[in-house]
file target_2.cif (mmCIF, C-alpha atoms)
data_query
loop_
_atom_site.label_atom_id
_atom_site.label_comp_id
_atom_site.auth_asym_id
_atom_site.auth_seq_id
_atom_site.Cartn_x
_atom_site.Cartn_y
_atom_site.Cartn_z
CA MET G 21 12.72 14.40 -6.42
CA ILE G 22 9.49 12.59 -5.50
CA ASP G 23 7.93 15.68 -3.92
CA GLU G 24 8.54 17.67 -7.08
CA TYR G 25 7.35 14.87 -9.33
CA LEU G 26 4.12 14.38 -7.38
CA LYS G 27 3.43 18.12 -7.35
CA ASN G 28 3.96 18.48 -11.10
CA ASN G 29 2.56 15.21 -12.43
CA CYS G 30 0.07 13.68 -10.00
CA PRO G 31 -3.13 14.81 -8.26
CA LEU G 32 -2.18 16.76 -5.14
CA GLU G 33 -4.39 14.71 -2.83
CA VAL G 34 -2.56 11.42 -3.46
CA PRO G 35 0.04 11.48 -0.61
CA GLY G 36 -2.55 12.42 2.01
CA LEU G 37 -5.00 9.78 0.84
CA LEU G 38 -2.34 7.05 0.80
CA SER G 39 -1.38 7.97 4.36
CA LEU G 40 -5.05 7.98 5.43
CA ALA G 41 -5.63 4.52 3.96
CA ILE G 42 -2.64 2.97 5.74
CA GLU G 43 -3.46 4.61 9.08
CA LYS G 44 -7.10 3.47 8.95
CA ALA G 45 -6.02 -0.06 8.01
CA TYR G 46 -3.74 -0.29 11.04
CA LYS G 47 -6.45 1.05 13.35
CA GLN G 48 -8.85 -1.61 12.08
CA LEU G 49 -6.20 -4.30 12.51
CA ASN G 50 -5.67 -3.36 16.15
CA LYS G 51 -9.43 -3.15 16.76
CA THR G 52 -9.98 -6.57 15.20
CA ILE G 53 -7.27 -8.16 17.31
CA LEU G 54 -8.92 -6.77 20.44
CA THR G 55 -12.39 -8.06 19.50
CA VAL G 56 -11.56 -11.52 18.12
CA PRO G 57 -10.52 -13.71 21.07
CA ILE G 58 -8.47 -16.23 19.10
CA LEU G 59 -6.28 -13.44 17.71
CA GLN G 60 -5.17 -12.59 21.23
CA LYS G 61 -3.49 -15.97 21.61
CA GLU G 62 0.27 -16.02 21.10
CA GLU G 63 0.10 -18.67 18.40
CA ALA G 64 -2.24 -16.46 16.36
CA ARG G 65 0.33 -13.67 15.95
CA LYS G 66 1.64 -15.27 12.78
CA SER G 67 -1.66 -14.36 11.10
CA TYR G 68 -1.38 -10.61 11.88
CA GLY G 69 0.66 -9.89 8.78
CA TYR G 70 -1.93 -11.44 6.48
CA LEU G 71 -4.72 -9.51 8.18
CA ARG G 72 -2.76 -6.25 7.96
CA ASN G 73 -2.15 -6.74 4.25
CA ALA G 74 -5.83 -7.47 3.66
CA PHE G 75 -6.92 -4.31 5.49
CA VAL G 76 -4.37 -2.21 3.59
CA ASP G 77 -5.61 -3.52 0.23
CA VAL G 78 -9.25 -2.87 1.17
CA ALA G 79 -8.45 0.62 2.46
CA ILE G 80 -6.54 1.72 -0.65
CA GLU G 81 -9.24 0.47 -2.99
CA SER G 82 -11.98 2.07 -0.89
CA VAL G 83 -10.28 5.47 -0.69
CA PHE G 84 -9.47 5.87 -4.35
CA SER G 85 -12.73 4.44 -5.70
CA GLU G 86 -14.58 7.44 -4.24
CA LEU G 87 -12.71 10.07 -6.27
CA ASP G 88 -13.47 11.60 -9.65
CA HIS G 89 -9.95 11.19 -11.05
CA ASN G 90 -8.99 8.25 -13.25
CA TYR G 91 -7.84 6.02 -10.39
CA ILE G 92 -7.66 2.28 -11.02
CA THR G 93 -6.96 -0.37 -8.39
CA GLU G 94 -6.12 -3.83 -9.66
CA THR G 95 -5.49 -7.11 -7.89
CA LYS G 96 -2.69 -8.79 -9.81
CA LYS G 97 -1.40 -12.38 -9.66
CA VAL G 98 2.30 -13.11 -9.55
CA ASN G 99 1.67 -16.00 -11.93
CA PRO G 100 -1.56 -15.46 -13.93
CA ASN G 101 -1.75 -19.14 -14.86
CA ARG G 102 -1.81 -20.43 -11.28
CA ASN G 103 -3.59 -19.85 -8.01
CA SER G 104 -0.64 -17.75 -6.86
CA TYR G 105 0.10 -14.84 -4.55
CA THR G 106 -1.79 -11.64 -5.36
CA TYR G 107 -0.80 -8.02 -4.84
CA LYS G 108 -2.50 -4.65 -5.19
CA LEU G 109 -1.57 -2.19 -7.94
CA LEU G 110 -2.87 1.39 -7.84
CA LYS G 111 -2.76 3.31 -11.11
CA ILE G 112 -3.03 7.07 -10.71
CA PRO G 113 -2.43 9.86 -13.23
CA GLY G 114 1.38 10.02 -13.32
CA ALA G 115 2.39 6.86 -11.44
CA HIS G 116 1.82 3.18 -10.68
CA ILE G 117 1.99 2.34 -6.96
CA THR G 118 2.21 -0.96 -5.07
CA PRO G 119 1.94 -1.15 -1.25
CA VAL G 120 4.45 -3.35 0.58
CA LYS G 121 5.43 -3.84 4.21
CA SER G 122 9.11 -3.06 4.90
CA GLN G 123 11.39 -3.88 7.83
CA SER G 124 12.27 -0.28 8.70
CA LYS G 125 11.67 3.29 7.58
CA ARG G 126 14.59 3.52 5.16
CA SER G 127 15.11 -0.13 4.30
CA PHE G 128 14.41 -1.54 0.87
CA PRO G 129 11.90 -4.42 0.87
CA ARG G 130 13.10 -7.85 -0.05
CA LYS G 131 13.31 -8.41 -3.79
CA ALA G 132 10.09 -9.80 -5.22
CA ILE G 133 9.45 -11.28 -8.65
CA TYR G 134 6.17 -9.40 -9.05
CA ARG G 135 7.93 -6.01 -8.77
CA ASP G 136 10.57 -6.68 -11.41
CA LYS G 137 8.37 -5.72 -14.33
CA GLY G 138 7.16 -2.54 -12.63
CA SER G 139 10.65 -1.46 -11.65
CA LEU G 140 11.77 -1.67 -15.27
CA LEU G 141 9.67 1.45 -15.88
CA ASN G 142 12.30 3.34 -13.86
CA TYR G 143 15.20 2.42 -16.13
CA GLN G 144 15.69 5.91 -17.53
CA ILE G 145 15.67 7.76 -14.21
CA SER G 146 18.06 5.19 -12.76
CA LEU G 147 20.70 6.27 -15.28
CA PHE G 148 20.82 9.97 -14.37
CA ASP G 149 23.02 11.64 -11.76
CA ASP G 150 21.30 12.90 -8.61
CA GLU G 151 21.10 16.45 -9.93
CA GLN G 152 19.77 15.44 -13.34
CA ARG G 153 17.20 12.80 -12.56
CA ASN G 154 13.93 13.27 -14.35
CA PHE G 155 11.22 11.28 -16.02
CA ASN G 156 10.28 12.67 -19.38
CA ASN G 157 9.03 9.78 -21.53
CA ASP G 158 5.53 8.55 -22.19
CA LYS G 159 5.59 5.96 -19.40
CA VAL G 160 5.00 6.70 -15.74
CA PRO G 161 7.33 5.71 -12.88
CA PHE G 162 6.70 2.72 -10.64
CA MET G 163 6.57 3.57 -6.92
CA LEU G 164 6.42 1.54 -3.72
CA LEU G 165 4.24 2.58 -0.81
CA THR G 166 6.10 1.15 2.21
CA TYR G 167 4.82 1.08 5.76
CA GLY G 168 5.43 -0.64 9.07
CA GLY G 169 6.42 -0.37 12.70
CA VAL G 170 7.24 -2.35 15.83
CA ASN G 171 4.71 -4.88 17.16
CA TYR G 172 2.21 -4.18 14.38
CA LYS G 173 1.97 -0.49 15.26
CA LEU G 174 2.25 2.06 12.47
CA ASP G 175 5.46 4.10 12.79
CA TYR G 176 5.98 5.25 9.20
CA VAL G 177 4.44 5.55 5.74
CA MET G 178 6.90 6.14 2.90
CA LEU G 179 6.66 6.62 -0.85
CA GLY G 180 9.71 5.59 -2.87
CA ILE G 181 10.94 5.05 -6.41
CA PRO G 182 12.94 1.80 -6.71
CA ASP G 183 15.73 1.53 -9.25
CA PHE G 184 15.13 -0.60 -12.31
CA GLU G 185 16.90 -3.59 -10.73
CA ASP G 186 14.53 -3.46 -7.73
CA LYS G 187 17.44 -3.33 -5.28
CA LYS G 188 17.70 0.22 -3.93
CA TRP G 189 15.90 3.55 -3.74
CA ILE G 190 16.27 6.28 -6.32
CA ASP G 191 14.39 8.49 -3.89
CA LEU G 192 12.27 7.97 -0.77
CA VAL G 193 10.08 10.41 1.21
CA SER G 194 7.82 10.23 4.26
CA ILE G 195 4.12 10.86 3.65
CA LYS G 196 2.78 9.90 7.09
CA GLY G 197 0.34 12.54 8.28
CA LYS G 198 0.24 14.39 4.97
CA PRO G 199 -2.84 16.65 4.70
CA ILE G 200 -5.80 15.49 2.62
CA LEU G 201 -6.20 18.14 -0.07
CA ILE G 202 -9.86 17.64 -0.99
CA SER G 203 -13.14 19.28 0.02
CA ASN G 204 -14.57 18.62 3.48
CA ASN G 205 -17.67 16.97 1.98
CA LYS G 206 -15.57 14.62 -0.15
CA GLU G 207 -13.32 13.80 2.80
CA THR G 208 -16.38 12.89 4.86
CA GLU G 209 -17.66 10.64 2.05
CA ILE G 210 -14.29 8.90 1.79
CA ASN G 211 -14.01 8.37 5.54
CA ASP G 212 -17.54 6.96 5.73
CA LYS G 213 -16.94 4.57 2.82
CA LEU G 214 -13.54 3.58 4.22
CA ASN G 215 -14.94 2.81 7.67
CA LEU G 216 -17.75 0.75 6.15
CA SER G 217 -15.38 -1.19 3.92
CA LEU G 218 -12.95 -2.00 6.73
CA THR G 219 -15.78 -2.92 9.09
CA LYS G 220 -17.20 -5.30 6.47
CA LYS G 221 -13.81 -6.96 6.10
CA ALA G 222 -13.41 -7.19 9.88
CA ASN G 223 -16.85 -8.80 10.19
CA GLN G 224 -15.84 -11.43 7.64
CA ILE G 225 -12.85 -12.25 9.81
CA ARG G 226 -15.03 -12.48 12.92
CA ARG G 227 -17.47 -14.81 11.16
CA ASN G 228 -14.55 -17.09 10.38
CA ASP G 229 -13.62 -17.19 14.07
CA ASN G 230 -15.52 -20.47 14.39
CA ASP G 231 -15.74 -23.19 11.76
CA SER G 232 -18.65 -25.53 11.22
CA ASN G 233 -17.44 -27.78 14.05
CA GLY G 234 -17.32 -24.93 16.51
CA GLU G 235 -13.52 -24.93 16.60
CA ASN G 236 -11.57 -21.71 16.41
CA THR G 237 -10.00 -20.97 13.07
CA ILE G 238 -8.54 -18.08 11.08
#
call {"tool": "encode", "arguments": {"input": "target_2.cif", "output": "structure tokens"}}
result
Amino acid sequence: MIDEYLKNNCPLEVPGLLSLAIEKAYKQLNKTILTVPILQKEEARKSYGYLRNAFVDVAIESVFSELDHNYITETKKVNPNRNSYTYKLLKIPGAHITPVKSQSKRSFPRKAIYRDKGSLLNYQISLFDDEQRNFNNDKVPFMLLTYGGVNYKLDYVMLGIPDFEDKKWIDLVSIKGKPILISNNKETEINDKLNLSLTKKANQIRRNDNDSNGENTI
């Protein structure tokens, strides 16, 4: 279902670019861990997840900001009235997509308040039988870009449509390693911008390696 929907309703380069962004983010995470001494300490492992999420957000925004299509990346707050948790929302022609780390390739991520509103967009397709599922109203479906692997290594990148209750998948497909369907010149521009953006973020992390007292901090 997702393959057909993407082909008929979304720019063809989207799956490949999403996969590229996640793969580059993980490579930068591993590189940063190797070059920041404090991150190699066992007690620093609890910070890896936050760093991974930051690199993923930067990578997605960097990749899609370089294209001519009407791509919009937004940083949303769970509670707009407070200094609360933020998450990335990518709006593409035909879909709204939020990246989220999952426990395994086919597992559904833990229920989150910030996804409830987005998942409600999938109410209509949740009601159809498997053979009849479609999306034919004026709103676009809400999708989750899930990724993960063992020991902070990237094993999978998936694109799924959650049901309107945000509890299970309507459909889920692997997009890891999907080809990037754009011109060679544009791909080079995207890769250059992506590498610069991730390097800038990594340098910020390295600068924070020592606080004003000379003590290690993250």
call {"tool": "closest_residue", "arguments": {"input": "target_2.cif", "among": "G:Asn142, G:Lys121, G:Leu40, G:Pro199", "to": "Asn73 of chain G", "atoms": "all atoms listed in the file"}}
result
G:Lys121
call {"tool": "residues_around", "arguments": {"input": "target_2.cif", "residues": "Ile117 of chain G", "least_positions_apart": "2", "cutoff": "8 Å", "atoms": "only C-alpha atoms", "output": "list of chain:residue names"}}
result
G:Leu109, G:Leu110, G:Lys111, G:Ile112, G:Ala115, G:Pro119, G:Phe162, G:Met163, G:Leu164, G:Leu165
call {"tool": "atom_distance", "arguments": {"input": "target_2.cif", "atom1": "atom CA of Tyr68 of chain G", "atom2": "atom CA of Asn50 of chain G"}}
result
9.4 Å
call {"tool": "resolve_selection", "arguments": {"input": "target_2.cif", "expression": "the PyMOL selection byres ((chain G and resi 190) around 8)", "output": "PyMOL selection string"}}
result
chain G and resi 146+180-183+188-189+191-192
call {"tool": "residues_near_point", "arguments": {"input": "target_2.cif", "point": "(-9.8, -6.1, 15.8)", "cutoff": "12 Å", "atoms": "all atoms listed in the file", "output": "PyMOL selection string"}}
result
chain G and resi 45-60+68+71-72+75+218-226+229
call {"tool": "residues_near_point", "arguments": {"input": "target_2.cif", "point": "(-3.1, 14.1, -0.5)", "cutoff": "10 Å", "atoms": "only C-alpha atoms", "output": "PyMOL selection string"}}
result
chain G and resi 26+31-40+195+197-202
call {"tool": "closest_residue", "arguments": {"input": "target_2.cif", "among": "G:Lys187, G:Met178, G:Tyr70, G:Ile80", "to": "Arg130 of chain G", "atoms": "all atoms listed in the file"}}
result
G:Lys187
call {"tool": "atom_distance", "arguments": {"input": "target_2.cif", "atom1": "atom CA of Val120 of chain G", "atom2": "atom CA of Tyr167 of chain G"}}
result
6.8 Å
call {"tool": "atom_distance", "arguments": {"input": "target_2.cif", "atom1": "atom CA of Tyr107 of chain G", "atom2": "atom CA of Tyr25 of chain G"}}
result
24.7 Å
call {"tool": "closest_residue", "arguments": {"input": "target_2.cif", "among": "G:Leu216, G:His116, G:Ser122, G:Lys44", "to": "Cys30 of chain G", "atoms": "only C-alpha atoms"}}
result
G:His116
call {"tool": "closest_residue", "arguments": {"input": "target_2.cif", "among": "G:Ile42, G:Val78, G:Ile210, G:Val160", "to": "Asn29 of chain G", "atoms": "all atoms listed in the file"}}
result
G:Val160
call {"tool": "axis_aligned_box", "arguments": {"input": "target_2.cif", "around": "segment 184-198 of chain G", "padding_each_side": "4 Å", "output": "JSON"}}
result
{"center_x": 9.0, "center_y": 5.4, "center_z": -2.0, "size_x": 25.5, "size_y": 26.0, "size_z": 28.6}
call {"tool": "closest_residue", "arguments": {"input": "target_2.cif", "among": "G:Lys61, G:Lys97, G:Lys173, G:Arg126", "to": "Val193 of chain G", "atoms": "all atoms listed in the file"}}
result
G:Arg126
call {"tool": "build_atoms", "arguments": {"input": "target_2.cif", "residues": "segment 32-60 of chain G", "atoms": "N, CA and C atoms", "output": "mmCIF file, in the frame of the given file"}}
result
data_model
loop_
_atom_site.group_PDB
_atom_site.id
_atom_site.type_symbol
_atom_site.label_atom_id
_atom_site.label_comp_id
_atom_site.auth_asym_id
_atom_site.auth_seq_id
_atom_site.Cartn_x
_atom_site.Cartn_y
_atom_site.Cartn_z
ATOM 1 N N LEU G 32 -2.801 16.317 -6.387
ATOM 2 C CA LEU G 32 -2.180 16.760 -5.140
ATOM 3 C C LEU G 32 -2.659 15.992 -3.911
ATOM 4 N N GLU G 33 -3.849 15.387 -4.007
ATOM 5 C CA GLU G 33 -4.390 14.710 -2.830
ATOM 6 C C GLU G 33 -3.795 13.321 -2.598
ATOM 7 N N VAL G 34 -3.017 12.805 -3.539
ATOM 8 C CA VAL G 34 -2.560 11.420 -3.460
ATOM 9 C C VAL G 34 -1.769 11.091 -2.198
ATOM 10 N N PRO G 35 -0.712 11.856 -1.824
ATOM 11 C CA PRO G 35 0.040 11.480 -0.610
ATOM 12 C C PRO G 35 -0.822 11.423 0.641
ATOM 13 N N GLY G 36 -1.692 12.409 0.827
ATOM 14 C CA GLY G 36 -2.550 12.420 2.010
ATOM 15 C C GLY G 36 -3.515 11.254 2.045
ATOM 16 N N LEU G 37 -4.056 10.885 0.888
ATOM 17 C CA LEU G 37 -5.000 9.780 0.840
ATOM 18 C C LEU G 37 -4.315 8.433 1.055
ATOM 19 N N LEU G 38 -3.103 8.281 0.545
ATOM 20 C CA LEU G 38 -2.340 7.050 0.800
ATOM 21 C C LEU G 38 -2.059 6.907 2.293
ATOM 22 N N SER G 39 -1.657 7.997 2.922
ATOM 23 C CA SER G 39 -1.380 7.970 4.360
ATOM 24 C C SER G 39 -2.649 7.637 5.143
ATOM 25 N N LEU G 40 -3.763 8.254 4.760
ATOM 26 C CA LEU G 40 -5.050 7.980 5.430
ATOM 27 C C LEU G 40 -5.405 6.506 5.331
ATOM 28 N N ALA G 41 -5.269 5.920 4.152
ATOM 29 C CA ALA G 41 -5.630 4.520 3.960
ATOM 30 C C ALA G 41 -4.812 3.599 4.857
ATOM 31 N N ILE G 42 -3.501 3.830 4.914
ATOM 32 C CA ILE G 42 -2.640 2.970 5.740
ATOM 33 C C ILE G 42 -2.967 3.139 7.217
ATOM 34 N N GLU G 43 -3.162 4.366 7.668
ATOM 35 C CA GLU G 43 -3.460 4.610 9.080
ATOM 36 C C GLU G 43 -4.779 3.962 9.486
ATOM 37 N N LYS G 44 -5.804 4.076 8.641
ATOM 38 C CA LYS G 44 -7.100 3.470 8.950
ATOM 39 C C LYS G 44 -6.990 1.937 8.960
ATOM 40 N N ALA G 45 -6.195 1.387 8.057
ATOM 41 C CA ALA G 45 -6.020 -0.060 8.010
ATOM 42 C C ALA G 45 -5.397 -0.581 9.302
ATOM 43 N N TYR G 46 -4.391 0.123 9.795
ATOM 44 C CA TYR G 46 -3.740 -0.290 11.040
ATOM 45 C C TYR G 46 -4.684 -0.163 12.231
ATOM 46 N N LYS G 47 -5.494 0.885 12.254
ATOM 47 C CA LYS G 47 -6.450 1.050 13.350
ATOM 48 C C LYS G 47 -7.460 -0.096 13.358
ATOM 49 N N GLN G 48 -7.902 -0.506 12.156
ATOM 50 C CA GLN G 48 -8.850 -1.610 12.080
ATOM 51 C C GLN G 48 -8.195 -2.934 12.466
ATOM 52 N N LEU G 49 -6.928 -3.106 12.106
ATOM 53 C CA LEU G 49 -6.200 -4.300 12.510
ATOM 54 C C LEU G 49 -6.163 -4.419 14.028
ATOM 55 N N ASN G 50 -5.767 -3.339 14.696
ATOM 56 C CA ASN G 50 -5.670 -3.360 16.150
ATOM 57 C C ASN G 50 -7.040 -3.590 16.801
ATOM 58 N N LYS G 51 -8.081 -2.976 16.226
ATOM 59 C CA LYS G 51 -9.430 -3.150 16.760
ATOM 60 C C LYS G 51 -9.889 -4.596 16.597
ATOM 61 N N THR G 52 -9.576 -5.190 15.451
ATOM 62 C CA THR G 52 -9.980 -6.570 15.200
ATOM 63 C C THR G 52 -9.280 -7.536 16.148
ATOM 64 N N ILE G 53 -8.009 -7.306 16.389
ATOM 65 C CA ILE G 53 -7.270 -8.160 17.310
ATOM 66 C C ILE G 53 -7.887 -8.116 18.707
ATOM 67 N N LEU G 54 -8.334 -6.932 19.108
ATOM 68 C CA LEU G 54 -8.920 -6.770 20.440
ATOM 69 C C LEU G 54 -10.307 -7.403 20.561
ATOM 70 N N THR G 55 -11.011 -7.574 19.443
ATOM 71 C CA THR G 55 -12.390 -8.060 19.500
ATOM 72 C C THR G 55 -12.556 -9.501 19.032
ATOM 73 N N VAL G 56 -11.496 -10.108 18.506
ATOM 74 C CA VAL G 56 -11.560 -11.520 18.120
ATOM 75 C C VAL G 56 -10.681 -12.313 19.096
ATOM 76 N N PRO G 57 -11.284 -13.052 19.994
ATOM 77 C CA PRO G 57 -10.520 -13.710 21.070
ATOM 78 C C PRO G 57 -9.348 -14.561 20.593
ATOM 79 N N ILE G 58 -9.545 -15.337 19.521
ATOM 80 C CA ILE G 58 -8.470 -16.230 19.100
ATOM 81 C C ILE G 58 -7.225 -15.459 18.666
ATOM 82 N N LEU G 59 -7.417 -14.239 18.162
ATOM 83 C CA LEU G 59 -6.280 -13.440 17.710
ATOM 84 C C LEU G 59 -5.416 -12.950 18.868
ATOM 85 N N GLN G 60 -5.939 -13.027 20.071
ATOM 86 C CA GLN G 60 -5.170 -12.590 21.230
ATOM 87 C C GLN G 60 -4.259 -13.686 21.778
#
